[in-house]
>>> print(open('protein-v3.pdb').read())   # PDB, C-alpha atoms, pLDDT in the B column
ATOM      1  CA  MET A   3     -53.737 -14.483  84.418  1.00 30.00           C
ATOM      2  CA  SER A   4     -56.014 -16.453  82.129  1.00 35.00           C
ATOM      3  CA  ILE A   5     -54.420 -18.965  79.806  1.00 37.00           C
ATOM      4  CA  ALA A   6     -56.478 -17.593  76.930  1.00 37.00           C
ATOM      5  CA  ARG A   7     -54.724 -14.222  77.221  1.00 37.00           C
ATOM      6  CA  ILE A   8     -51.225 -15.586  76.722  1.00 39.00           C
ATOM      7  CA  HIS A   9     -50.062 -15.914  73.131  1.00 43.00           C
ATOM      8  CA  PRO A  10     -48.525 -19.282  72.161  1.00 42.00           C
ATOM      9  CA  ARG A  11     -45.285 -17.588  71.089  1.00 42.00           C
ATOM     10  CA  LEU A  12     -44.848 -16.323  74.635  1.00 43.00           C
ATOM     11  CA  ILE A  13     -45.241 -19.878  75.893  1.00 44.00           C
ATOM     12  CA  ALA A  14     -42.450 -20.958  73.569  1.00 43.00           C
ATOM     13  CA  ARG A  15     -40.115 -18.202  74.798  1.00 43.00           C
ATOM     14  CA  VAL A  16     -40.778 -19.178  78.399  1.00 44.00           C
ATOM     15  CA  ILE A  17     -40.468 -22.948  78.061  1.00 45.00           C
ATOM     16  CA  LEU A  18     -37.967 -23.594  75.289  1.00 41.00           C
ATOM     17  CA  PRO A  19     -34.858 -22.490  77.216  1.00 40.00           C
ATOM     18  CA  VAL A  20     -35.541 -25.124  79.891  1.00 40.00           C
ATOM     19  CA  LEU A  21     -36.717 -28.070  77.778  1.00 50.00           C
ATOM     20  CA  LEU A  22     -33.421 -28.870  76.117  1.00 45.00           C
ATOM     21  CA  LEU A  23     -32.567 -32.278  77.544  1.00 51.00           C
ATOM     22  CA  ALA A  24     -34.384 -34.420  74.989  1.00 53.00           C
ATOM     23  CA  ALA A  25     -32.767 -37.707  74.082  1.00 51.00           C
ATOM     24  CA  HIS A  26     -34.441 -40.984  73.178  1.00 48.00           C
ATOM     25  CA  SER A  27     -32.578 -44.062  72.152  1.00 45.00           C
ATOM     26  CA  HIS A  28     -34.856 -45.674  69.598  1.00 47.00           C
ATOM     27  CA  ALA A  29     -36.471 -44.482  66.383  1.00 50.00           C
ATOM     28  CA  GLN A  30     -39.694 -42.854  67.461  1.00 64.00           C
ATOM     29  CA  THR A  31     -41.842 -40.440  65.488  1.00 64.00           C
ATOM     30  CA  PRO A  32     -41.942 -36.842  66.757  1.00 71.00           C
ATOM     31  CA  LEU A  33     -45.490 -35.504  66.898  1.00 75.00           C
ATOM     32  CA  THR A  34     -46.290 -32.168  65.223  1.00 81.00           C
ATOM     33  CA  THR A  35     -48.868 -29.536  66.173  1.00 86.00           C
ATOM     34  CA  SER A  36     -51.013 -30.487  63.170  1.00 85.00           C
ATOM     35  CA  ASP A  37     -51.329 -34.022  64.577  1.00 91.00           C
ATOM     36  CA  LEU A  38     -52.894 -32.859  67.857  1.00 96.00           C
ATOM     37  CA  THR A  39     -56.152 -31.495  69.293  1.00 97.00           C
ATOM     38  CA  ALA A  40     -56.249 -29.316  72.443  1.00 98.00           C
ATOM     39  CA  ASN A  41     -59.240 -29.350  74.798  1.00 98.00           C
ATOM     40  CA  GLY A  42     -60.334 -27.506  77.924  1.00 98.00           C
ATOM     41  CA  SER A  43     -57.557 -25.302  79.293  1.00 98.00           C
ATOM     42  CA  ALA A  44     -54.857 -26.756  77.024  1.00 98.00           C
ATOM     43  CA  VAL A  45     -52.868 -24.747  74.479  1.00 97.00           C
ATOM     44  CA  ILE A  46     -50.492 -26.103  71.817  1.00 96.00           C
ATOM     45  CA  THR A  47     -47.596 -24.221  70.282  1.00 90.00           C
ATOM     46  CA  ALA A  48     -44.517 -25.262  68.297  1.00 83.00           C
ATOM     47  CA  SER A  49     -40.869 -25.163  69.306  1.00 79.00           C
ATOM     48  CA  SER A  50     -38.139 -23.918  66.969  1.00 78.00           C
ATOM     49  CA  ASN A  51     -37.701 -27.458  65.579  1.00 77.00           C
ATOM     50  CA  GLY A  52     -41.414 -27.812  64.874  1.00 75.00           C
ATOM     51  CA  ASN A  53     -42.182 -30.183  67.714  1.00 81.00           C
ATOM     52  CA  PRO A  54     -45.209 -29.341  69.861  1.00 90.00           C
ATOM     53  CA  ILE A  55     -45.117 -27.789  73.300  1.00 95.00           C
ATOM     54  CA  LEU A  56     -48.252 -28.635  75.281  1.00 97.00           C
ATOM     55  CA  TRP A  57     -49.463 -26.324  78.046  1.00 97.00           C
ATOM     56  CA  LEU A  58     -52.109 -28.522  79.631  1.00 98.00           C
ATOM     57  CA  THR A  59     -53.180 -26.204  82.463  1.00 98.00           C
ATOM     58  CA  PRO A  60     -52.229 -22.741  83.636  1.00 97.00           C
ATOM     59  CA  ALA A  61     -51.266 -22.144  87.254  1.00 95.00           C
ATOM     60  CA  SER A  62     -54.797 -21.273  88.327  1.00 96.00           C
ATOM     61  CA  GLN A  63     -57.588 -23.027  90.180  1.00 96.00           C
ATOM     62  CA  GLY A  64     -60.115 -25.519  88.825  1.00 96.00           C
ATOM     63  CA  GLN A  65     -58.561 -26.258  85.430  1.00 98.00           C
ATOM     64  CA  ALA A  66     -58.754 -29.382  83.255  1.00 98.00           C
ATOM     65  CA  GLY A  67     -56.889 -29.671  79.970  1.00 98.00           C
ATOM     66  CA  THR A  68     -56.137 -32.456  77.507  1.00 98.00           C
ATOM     67  CA  VAL A  69     -54.239 -32.896  74.259  1.00 98.00           C
ATOM     68  CA  PHE A  70     -54.831 -35.966  72.099  1.00 98.00           C
ATOM     69  CA  THR A  71     -53.891 -37.091  68.633  1.00 97.00           C
ATOM     70  CA  THR A  72     -56.475 -35.771  66.208  1.00 97.00           C
ATOM     71  CA  SER A  73     -56.705 -39.159  64.520  1.00 96.00           C
ATOM     72  CA  SER A  74     -56.677 -42.497  66.284  1.00 96.00           C
ATOM     73  CA  ILE A  75     -53.377 -44.371  66.082  1.00 95.00           C
ATOM     74  CA  GLN A  76     -53.334 -47.870  64.623  1.00 94.00           C
ATOM     75  CA  PHE A  77     -51.677 -50.562  66.754  1.00 94.00           C
ATOM     76  CA  ASP A  78     -50.765 -54.191  66.278  1.00 91.00           C
ATOM     77  CA  SER A  79     -53.035 -56.739  67.934  1.00 90.00           C
ATOM     78  CA  ALA A  80     -51.036 -56.572  71.178  1.00 92.00           C
ATOM     79  CA  TYR A  81     -51.062 -52.760  71.388  1.00 94.00           C
ATOM     80  CA  THR A  82     -47.262 -52.628  71.765  1.00 95.00           C
ATOM     81  CA  PHE A  83     -45.754 -49.130  71.811  1.00 96.00           C
ATOM     82  CA  ARG A  84     -42.949 -46.983  73.145  1.00 96.00           C
ATOM     83  CA  THR A  85     -42.902 -43.288  73.895  1.00 96.00           C
ATOM     84  CA  PHE A  86     -40.662 -40.567  75.277  1.00 96.00           C
ATOM     85  CA  PHE A  87     -41.580 -37.091  76.515  1.00 97.00           C
ATOM     86  CA  GLN A  88     -40.523 -34.461  79.022  1.00 97.00           C
ATOM     87  CA  PHE A  89     -42.658 -32.551  81.500  1.00 98.00           C
ATOM     88  CA  LYS A  90     -42.220 -29.538  83.714  1.00 97.00           C
ATOM     89  CA  MET A  91     -44.527 -28.393  86.536  1.00 97.00           C
ATOM     90  CA  THR A  92     -44.068 -24.830  87.777  1.00 96.00           C
ATOM     91  CA  ASP A  93     -45.534 -21.934  89.768  1.00 93.00           C
ATOM     92  CA  ALA A  94     -47.385 -23.865  92.438  1.00 90.00           C
ATOM     93  CA  GLY A  95     -49.776 -21.697  94.375  1.00 84.00           C
ATOM     94  CA  TYR A  96     -52.404 -21.221  97.067  1.00 74.00           C
ATOM     95  CA  TYR A  97     -52.592 -24.639  98.788  1.00 82.00           C
ATOM     96  CA  GLY A  98     -49.571 -26.019  96.954  1.00 85.00           C
ATOM     97  CA  ALA A  99     -48.518 -27.954  93.847  1.00 91.00           C
ATOM     98  CA  SER A 100     -51.653 -29.529  92.435  1.00 91.00           C
ATOM     99  CA  ASP A 101     -52.699 -31.844  91.019  1.00 94.00           C
ATOM    100  CA  GLY A 102     -50.687 -33.562  88.295  1.00 97.00           C
ATOM    101  CA  MET A 103     -51.058 -35.079  84.837  1.00 98.00           C
ATOM    102  CA  THR A 104     -51.414 -38.334  82.912  1.00 98.00           C
ATOM    103  CA  PHE A 105     -50.236 -39.971  79.717  1.00 98.00           C
ATOM    104  CA  THR A 106     -53.366 -41.603  78.306  1.00 98.00           C
ATOM    105  CA  LEU A 107     -54.520 -44.011  75.604  1.00 98.00           C
ATOM    106  CA  GLN A 108     -58.286 -43.851  75.054  1.00 98.00           C
ATOM    107  CA  THR A 109     -60.945 -44.659  72.461  1.00 98.00           C
ATOM    108  CA  GLU A 110     -63.534 -42.007  73.365  1.00 98.00           C
ATOM    109  CA  SER A 111     -62.482 -39.171  71.014  1.00 98.00           C
ATOM    110  CA  ALA A 112     -59.814 -36.588  70.252  1.00 98.00           C
ATOM    111  CA  ASN A 113     -61.906 -34.122  72.290  1.00 98.00           C
ATOM    112  CA  ALA A 114     -62.137 -36.155  75.501  1.00 98.00           C
ATOM    113  CA  VAL A 115     -61.771 -34.142  78.734  1.00 98.00           C
ATOM    114  CA  GLY A 116     -62.132 -35.463  82.259  1.00 98.00           C
ATOM    115  CA  THR A 117     -62.772 -33.525  85.433  1.00 97.00           C
ATOM    116  CA  SER A 118     -60.428 -31.136  87.223  1.00 98.00           C
ATOM    117  CA  GLY A 119     -58.633 -31.291  90.571  1.00 96.00           C
ATOM    118  CA  GLY A 120     -57.475 -34.701  91.788  1.00 96.00           C
ATOM    119  CA  SER A 121     -59.139 -36.243  88.731  1.00 97.00           C
ATOM    120  CA  LEU A 122     -56.202 -34.853  86.684  1.00 98.00           C
ATOM    121  CA  GLY A 123     -58.399 -34.060  83.694  1.00 98.00           C
ATOM    122  CA  TYR A 124     -58.686 -37.843  83.270  1.00 98.00           C
ATOM    123  CA  ALA A 125     -61.544 -39.158  85.428  1.00 98.00           C
ATOM    124  CA  GLY A 126     -64.524 -40.140  83.306  1.00 98.00           C
ATOM    125  CA  ILE A 127     -62.616 -40.864  80.091  1.00 98.00           C
ATOM    126  CA  THR A 128     -63.387 -44.465  79.148  1.00 98.00           C
ATOM    127  CA  PRO A 129     -62.324 -46.890  77.787  1.00 98.00           C
ATOM    128  CA  SER A 130     -58.801 -45.807  78.673  1.00 98.00           C
ATOM    129  CA  VAL A 131     -55.431 -46.711  80.144  1.00 98.00           C
ATOM    130  CA  ALA A 132     -53.209 -44.060  81.724  1.00 98.00           C
ATOM    131  CA  VAL A 133     -50.018 -43.491  83.644  1.00 98.00           C
ATOM    132  CA  GLU A 134     -50.450 -40.719  86.199  1.00 98.00           C
ATOM    133  CA  PHE A 135     -47.841 -38.297  87.550  1.00 98.00           C
ATOM    134  CA  ASP A 136     -49.549 -37.110  90.719  1.00 97.00           C
ATOM    135  CA  THR A 137     -48.350 -34.181  92.845  1.00 97.00           C
ATOM    136  CA  TRP A 138     -51.109 -33.918  95.459  1.00 95.00           C
ATOM    137  CA  GLN A 139     -52.279 -36.413  98.062  1.00 95.00           C
ATOM    138  CA  ASN A 140     -56.004 -36.985  97.874  1.00 93.00           C
ATOM    139  CA  SER A 141     -57.832 -39.578  99.971  1.00 92.00           C
ATOM    140  CA  PHE A 142     -57.191 -42.238  97.311  1.00 93.00           C
ATOM    141  CA  ASP A 143     -53.442 -41.464  96.954  1.00 95.00           C
ATOM    142  CA  ILE A 144     -50.457 -42.917  98.807  1.00 96.00           C
ATOM    143  CA  ASN A 145     -48.589 -39.591  98.949  1.00 97.00           C
ATOM    144  CA  ASP A 146     -48.067 -36.283  97.152  1.00 96.00           C
ATOM    145  CA  ASN A 147     -45.394 -37.515  94.723  1.00 97.00           C
ATOM    146  CA  HIS A 148     -46.204 -40.743  92.894  1.00 98.00           C
ATOM    147  CA  ILE A 149     -46.864 -42.423  89.585  1.00 98.00           C
ATOM    148  CA  ALA A 150     -49.417 -45.188  89.009  1.00 98.00           C
ATOM    149  CA  VAL A 151     -51.509 -46.946  86.370  1.00 98.00           C
ATOM    150  CA  LEU A 152     -55.155 -45.913  85.905  1.00 98.00           C
ATOM    151  CA  VAL A 153     -57.863 -47.727  83.945  1.00 98.00           C
ATOM    152  CA  ASN A 154     -61.198 -46.628  82.455  1.00 98.00           C
ATOM    153  CA  GLY A 155     -61.338 -43.120  83.907  1.00 98.00           C
ATOM    154  CA  VAL A 156     -61.307 -44.253  87.534  1.00 97.00           C
ATOM    155  CA  MET A 157     -58.902 -42.731  90.087  1.00 97.00           C
ATOM    156  CA  ASN A 158     -57.934 -46.089  91.545  1.00 95.00           C
ATOM    157  CA  ASP A 159     -54.120 -46.098  91.638  1.00 97.00           C
ATOM    158  CA  LEU A 160     -52.672 -49.406  90.467  1.00 98.00           C
ATOM    159  CA  ASP A 161     -49.124 -50.204  91.651  1.00 98.00           C
ATOM    160  CA  PRO A 162     -48.262 -46.667  92.843  1.00 98.00           C
ATOM    161  CA  GLN A 163     -44.538 -45.883  92.970  1.00 98.00           C
ATOM    162  CA  THR A 164     -42.638 -42.890  94.355  1.00 98.00           C
ATOM    163  CA  PRO A 165     -39.837 -41.304  92.287  1.00 98.00           C
ATOM    164  CA  TYR A 166     -36.537 -41.401  94.175  1.00 98.00           C
ATOM    165  CA  GLY A 167     -38.495 -42.332  97.321  1.00 97.00           C
ATOM    166  CA  VAL A 168     -39.192 -38.622  97.910  1.00 97.00           C
ATOM    167  CA  THR A 169     -42.437 -37.512  99.587  1.00 95.00           C
ATOM    168  CA  ASP A 170     -43.690 -34.461 101.528  1.00 93.00           C
ATOM    169  CA  CYS A 171     -43.316 -32.202  98.499  1.00 93.00           C
ATOM    170  CA  GLN A 172     -45.787 -29.565  99.753  1.00 89.00           C
ATOM    171  CA  PRO A 173     -45.354 -26.718  99.518  1.00 77.00           C
ATOM    172  CA  SER A 174     -43.265 -27.082  96.368  1.00 68.00           C
ATOM    173  CA  THR A 175     -39.719 -26.188  97.382  1.00 71.00           C
ATOM    174  CA  GLY A 176     -37.574 -27.256  94.438  1.00 86.00           C
ATOM    175  CA  VAL A 177     -36.506 -30.469  96.172  1.00 94.00           C
ATOM    176  CA  PHE A 178     -34.808 -32.982  93.865  1.00 96.00           C
ATOM    177  CA  GLY A 179     -37.113 -35.932  93.252  1.00 97.00           C
ATOM    178  CA  CYS A 180     -40.355 -33.961  93.676  1.00 97.00           C
ATOM    179  CA  MET A 181     -42.136 -33.934  90.304  1.00 97.00           C
ATOM    180  CA  SER A 182     -43.475 -30.443  91.073  1.00 96.00           C
ATOM    181  CA  ASN A 183     -39.977 -29.009  91.661  1.00 95.00           C
ATOM    182  CA  GLY A 184     -39.801 -27.068  88.383  1.00 95.00           C
ATOM    183  CA  ASP A 185     -37.121 -29.298  86.843  1.00 97.00           C
ATOM    184  CA  VAL A 186     -37.346 -30.875  83.408  1.00 97.00           C
ATOM    185  CA  TRP A 187     -38.332 -34.531  83.894  1.00 98.00           C
ATOM    186  CA  SER A 188     -37.763 -37.165  81.202  1.00 98.00           C
ATOM    187  CA  VAL A 189     -40.196 -40.083  80.868  1.00 98.00           C
ATOM    188  CA  TRP A 190     -39.929 -43.379  78.991  1.00 98.00           C
ATOM    189  CA  ILE A 191     -42.990 -45.622  78.718  1.00 98.00           C
ATOM    190  CA  ASP A 192     -42.874 -48.998  76.942  1.00 97.00           C
ATOM    191  CA  TYR A 193     -45.495 -51.681  76.484  1.00 97.00           C
ATOM    192  CA  ASP A 194     -44.590 -55.126  75.128  1.00 95.00           C
ATOM    193  CA  GLY A 195     -48.087 -56.615  74.946  1.00 94.00           C
ATOM    194  CA  THR A 196     -48.082 -58.009  78.472  1.00 95.00           C
ATOM    195  CA  ASP A 197     -46.300 -55.509  80.751  1.00 97.00           C
ATOM    196  CA  LEU A 198     -46.228 -51.727  81.009  1.00 97.00           C
ATOM    197  CA  TYR A 199     -42.826 -50.245  81.904  1.00 98.00           C
ATOM    198  CA  VAL A 200     -42.255 -46.685  83.137  1.00 98.00           C
ATOM    199  CA  ALA A 201     -38.952 -44.945  83.843  1.00 98.00           C
ATOM    200  CA  LEU A 202     -38.462 -41.283  84.681  1.00 98.00           C
ATOM    201  CA  ALA A 203     -35.539 -39.059  85.569  1.00 98.00           C
ATOM    202  CA  ASP A 204     -35.274 -35.680  87.275  1.00 98.00           C
ATOM    203  CA  ASN A 205     -33.174 -33.208  85.248  1.00 97.00           C
ATOM    204  CA  SER A 206     -31.604 -35.942  83.104  1.00 97.00           C
ATOM    205  CA  SER A 207     -32.124 -37.496  79.667  1.00 96.00           C
ATOM    206  CA  ILE A 208     -30.337 -40.732  80.634  1.00 96.00           C
ATOM    207  CA  ARG A 209     -32.845 -43.523  81.166  1.00 97.00           C
ATOM    208  CA  PRO A 210     -32.648 -45.066  84.651  1.00 98.00           C
ATOM    209  CA  LYS A 211     -34.023 -48.422  85.736  1.00 97.00           C
ATOM    210  CA  ASN A 212     -37.776 -48.799  85.425  1.00 98.00           C
ATOM    211  CA  LEU A 213     -39.677 -47.444  88.402  1.00 98.00           C
ATOM    212  CA  LEU A 214     -42.856 -49.303  87.462  1.00 98.00           C
ATOM    213  CA  ARG A 215     -43.578 -52.593  85.714  1.00 98.00           C
ATOM    214  CA  PHE A 216     -47.256 -53.529  85.630  1.00 98.00           C
ATOM    215  CA  PRO A 217     -48.945 -56.543  83.977  1.00 98.00           C
ATOM    216  CA  LEU A 218     -51.776 -55.322  81.787  1.00 97.00           C
ATOM    217  CA  VAL A 219     -53.634 -56.456  78.663  1.00 96.00           C
ATOM    218  CA  ILE A 220     -54.343 -53.115  77.005  1.00 97.00           C
ATOM    219  CA  ALA A 221     -56.082 -54.750  74.037  1.00 95.00           C
ATOM    220  CA  THR A 222     -58.711 -56.165  76.391  1.00 96.00           C
ATOM    221  CA  VAL A 223     -59.265 -52.810  78.109  1.00 97.00           C
ATOM    222  CA  LEU A 224     -59.495 -50.726  74.949  1.00 96.00           C
ATOM    223  CA  GLY A 225     -60.731 -53.260  72.417  1.00 93.00           C
ATOM    224  CA  GLY A 226     -60.149 -52.835  68.693  1.00 85.00           C
ATOM    225  CA  ASN A 227     -56.740 -51.885  67.340  1.00 91.00           C
ATOM    226  CA  SER A 228     -56.593 -48.094  67.534  1.00 95.00           C
ATOM    227  CA  ALA A 229     -56.692 -45.346  70.139  1.00 97.00           C
ATOM    228  CA  PHE A 230     -56.249 -41.625  70.666  1.00 98.00           C
ATOM    229  CA  ILE A 231     -52.977 -40.900  72.463  1.00 97.00           C
ATOM    230  CA  GLY A 232     -52.104 -37.895  74.590  1.00 98.00           C
ATOM    231  CA  PHE A 233     -52.066 -36.160  77.946  1.00 98.00           C
ATOM    232  CA  THR A 234     -54.430 -34.837  80.592  1.00 98.00           C
ATOM    233  CA  ALA A 235     -53.904 -32.558  83.590  1.00 98.00           C
ATOM    234  CA  GLY A 236     -55.915 -30.888  86.302  1.00 98.00           C
ATOM    235  CA  THR A 237     -55.717 -28.301  89.058  1.00 97.00           C
ATOM    236  CA  GLY A 238     -57.949 -27.830  92.090  1.00 95.00           C
ATOM    237  CA  SER A 239     -57.757 -25.352  94.959  1.00 93.00           C
ATOM    238  CA  GLY A 240     -54.003 -25.720  94.597  1.00 93.00           C
ATOM    239  CA  TYR A 241     -52.490 -25.411  91.149  1.00 95.00           C
ATOM    240  CA  GLU A 242     -49.423 -25.440  88.895  1.00 95.00           C
ATOM    241  CA  ASN A 243     -48.526 -25.126  85.232  1.00 97.00           C
ATOM    242  CA  HIS A 244     -48.328 -28.492  83.481  1.00 98.00           C
ATOM    243  CA  TYR A 245     -46.068 -28.490  80.403  1.00 97.00           C
ATOM    244  CA  VAL A 246     -45.120 -31.338  78.045  1.00 97.00           C
ATOM    245  CA  ALA A 247     -42.483 -31.162  75.289  1.00 96.00           C
ATOM    246  CA  ASN A 248     -40.215 -33.305  73.104  1.00 94.00           C
ATOM    247  CA  TRP A 249     -42.862 -35.979  72.712  1.00 94.00           C
ATOM    248  CA  ALA A 250     -42.162 -38.897  70.374  1.00 93.00           C
ATOM    249  CA  PHE A 251     -44.338 -41.970  69.981  1.00 94.00           C
ATOM    250  CA  SER A 252     -44.059 -45.255  68.108  1.00 93.00           C
ATOM    251  CA  PRO A 253     -46.481 -48.176  67.871  1.00 91.00           C
ATOM    252  CA  SER A 254     -43.962 -50.990  67.668  1.00 77.00           C
ATOM    253  CA  ARG A 255     -43.702 -54.746  68.016  1.00 55.00           C
ATOM    254  CA  ARG A 256     -40.393 -54.371  69.828  1.00 56.00           C
ATOM    255  CA  SER A 257     -39.716 -52.577  73.069  1.00 50.00           C
ATOM    256  CA  THR A 258     -36.570 -51.686  74.988  1.00 53.00           C
ATOM    257  CA  ASN A 259     -36.999 -52.145  78.727  1.00 57.00           C
ATOM    258  CA  PRO A 260     -33.851 -51.657  80.810  1.00 57.00           C
TER     259      PRO A 260
END
>>> encode(input="protein-v3.pdb", output="C-alpha cells")
Amino acid sequence: MSIARIHPRLIARVILPVLLLAAHSHAQTPLTTSDLTANGSAVITASSNGNPILWLTPASQGQAGTVFTTSSIQFDSAYTFRTFFQFKMTDAGYYGASDGMTFTLQTESANAVGTSGGSLGYAGITPSVAVEFDTWQNSFDINDNHIAVLVNGVMNDLDPQTPYGVTDCQPSTGVFGCMSNGDVWSVWIDYDGTDLYVALADNSSIRPKNLLRFPLVIATVLGGNSAFIGFTAGTGSGYENHYVANWAFSPSRRSTNP
C-alpha cells in the first residue's frame, strides 16, 4: 500500500494508542505540525494534543523520507541543545527490518532528503550532524541493532553502540532490546557544547544511563549559529514503518546528562 493513499487521520488512529509513554524531565518546547516540513515519503499528522506524529517511511521498498523544521533554529555559540522523542518501527518485511532512521541537525534546507536504503535518508545531506538508529547490518555497520554519530552526510559510524547489548535482530521477532521490535522507544539527546550524550529505553519513559557520549564540536561542523532540525529514514530491499512522536526540542545553555 502506498503511503500517499493513507489519510493522516488513519495514521493517528493507528499510532496514538501505542505512543503514550511520553515523559521528559526538563522544560522543552513541543513542536507543532505548522513548524515542520515533510519531504520524500514522509507524512505529518497531529495527535489529539496537537503534537506532530511523523511517518518517515512506509513499510515498502526503496523509500527515503525526512521531516525538518521549516525555519532554521537559532542556537547559542556552542550549539547546546536537548531533545526528547519516541520512535516505533513496525511491519518489517521481505528481507527483514530495514534500514533505520536518524535525528539530524543540518544547514542545507528544510527540504533536504538523502538517499534510501542503508543511507537512512541521510547520506548526502551536508553540512550535518546526526545520531543514527540503525536496524540493518550493511558492510559499514557493526551489527543490525546500533546507534552511532554521523557527520556531513557520510555513513561512517562514529562510536557505534548497541542498545542492551542485543544483536541478531533479523528477522524482526519482537525481541526486547531490538529497535525494530515494534515497541515504543524513548530517546534523550543532549549536547553541552563539547560532548553529545544519547540515552534510549525500550518500552519505558524513564531515562537510563547514557549509552553514548561522544566528543564533538558541532559549531565547527555546521558553522554559523542556526540549523534545521529533524529526522530522516530509509528502506531498501527490506523495509519497515518508521514513526516518530512526542518530540520536544530546546536550544539551551544547560543540559542534564545522567
>>> closest_atom_pairs(input="protein-v3.pdb", of="segment 18-94 of chain A", to="segment 118-140 of chain A", cutoff="7 Å", atoms="only C-alpha atoms", output="tab-separated table")
residue	atom	partner	partner_atom	distance
A:Gly64	CA	A:Ser118	CA	5.8
A:Gln65	CA	A:Ser118	CA	5.5
A:Ala66	CA	A:Ser118	CA	4.7
A:Gly67	CA	A:Gly123	CA	6.0
A:Thr68	CA	A:Gly123	CA	6.8
>>> residues_around(input="protein-v3.pdb", residues="Asn205 of chain A", least_positions_apart="3", cutoff="8 Å", atoms="all atoms listed in the file", output="PyMOL selection string")
chain A and resi 23+185-188
>>> residues_around(input="protein-v3.pdb", residues="Asp197 of chain A", least_positions_apart="6", cutoff="12 Å", atoms="all atoms listed in the file", output="compact mmCIF listing (two decimals) with C-alpha atoms, in the frame of the given file")
# COMPACT_ATOMS: atom_id res chain seq x y z
CA ALA A 80 -51.04 -56.57 71.18
CA TYR A 81 -51.06 -52.76 71.39
CA THR A 82 -47.26 -52.63 71.76
CA PHE A 83 -45.75 -49.13 71.81
CA ARG A 84 -42.95 -46.98 73.14
CA VAL A 151 -51.51 -46.95 86.37
CA ILE A 191 -42.99 -45.62 78.72
CA ASN A 212 -37.78 -48.80 85.42
CA LEU A 214 -42.86 -49.30 87.46
CA ARG A 215 -43.58 -52.59 85.71
CA PHE A 216 -47.26 -53.53 85.63
CA PRO A 217 -48.94 -56.54 83.98
CA LEU A 218 -51.78 -55.32 81.79
CA VAL A 219 -53.63 -56.46 78.66
CA ILE A 220 -54.34 -53.12 77.00
CA ALA A 221 -56.08 -54.75 74.04
CA SER A 257 -39.72 -52.58 73.07
CA THR A 258 -36.57 -51.69 74.99
CA ASN A 259 -37.00 -52.14 78.73
>>> closest_residue(input="protein-v3.pdb", among="A:Gln76, A:Ala40, A:Asn248, A:Thr34", to="Gly52 of chain A", atoms="all atoms listed in the file")
A:Thr34
>>> closest_atom_pairs(input="protein-v3.pdb", of="segment 154-253 of chain A", to="segment 93-102 of chain A", cutoff="12 Å", atoms="all atoms listed in the file", output="tab-separated table")
residue	atom	partner	partner_atom	distance
A:Asp170	CA	A:Ala99	CA	11.2
A:Cys171	CA	A:Ala99	CA	8.2
A:Gln172	CA	A:Gly98	CA	5.9
A:Pro173	CA	A:Gly98	CA	5.0
A:Ser174	CA	A:Ala99	CA	5.9
A:Thr175	CA	A:Ala94	CA	9.4
A:Gly176	CA	A:Ala94	CA	10.6
A:Cys180	CA	A:Ala99	CA	10.1
A:Met181	CA	A:Gly102	CA	8.8
A:Ser182	CA	A:Ala99	CA	6.3
A:Asn183	CA	A:Ala99	CA	8.9
A:Gly184	CA	A:Asp93	CA	7.8
A:Asp185	CA	A:Asp93	CA	11.6
A:Phe233	CA	A:Gly102	CA	10.8
A:Thr234	CA	A:Gly102	CA	8.7
A:Ala235	CA	A:Gly102	CA	5.8
A:Gly236	CA	A:Asp101	CA	5.8
A:Thr237	CA	A:Asp101	CA	5.1
A:Gly238	CA	A:Ser100	CA	6.5
A:Ser239	CA	A:Tyr97	CA	6.5
A:Gly240	CA	A:Tyr97	CA	4.6
A:Tyr241	CA	A:Ser100	CA	4.4
A:Glu242	CA	A:Ala94	CA	4.4
A:Asn243	CA	A:Asp93	CA	6.3
A:His244	CA	A:Gly102	CA	7.4
A:Tyr245	CA	A:Gly102	CA	10.5
A:Val246	CA	A:Gly102	CA	11.9
>>> atom_distance(input="protein-v3.pdb", atom1="atom CA of Gln63 of chain A", atom2="atom CA of Lys90 of chain A")
17.9 Å
>>> closest_residue(input="protein-v3.pdb", among="A:Gly167, A:Gly226, A:Gly42, A:Gly155", to="Ala112 of chain A", atoms="only C-alpha atoms")
A:Gly42
>>> atom_distance(input="protein-v3.pdb", atom1="atom CA of Gln163 of chain A", atom2="atom CA of Tyr193 of chain A")
17.5 Å
>>> atom_distance(input="protein-v3.pdb", atom1="atom CA of Thr164 of chain A", atom2="atom CA of Phe87 of chain A")
18.8 Å
>>> closest_residue(input="protein-v3.pdb", among="A:Leu160, A:Ala150, A:Leu33, A:Ile55", to="Met103 of chain A", atoms="only C-alpha atoms")
A:Ala150
>>> residues_near_point(input="protein-v3.pdb", point="(-35.1, -39.4, 83.0)", cutoff="9 Å", atoms="only C-alpha atoms", output="PyMOL selection string")
chain A and resi 88+186-190+201-210
>>> resolve_selection(input="protein-v3.pdb", expression="the PyMOL selection byres ((chain A and resi 230) around 9)", output="ChimeraX atom specification")
/A:70-75,106-112,228-229,231-232
>>> resolve_selection(input="protein-v3.pdb", expression="the PyMOL selection byres ((chain A and resi 142) around 8)", output="PyMOL selection string")
chain A and resi 139-141+143-144+157-159
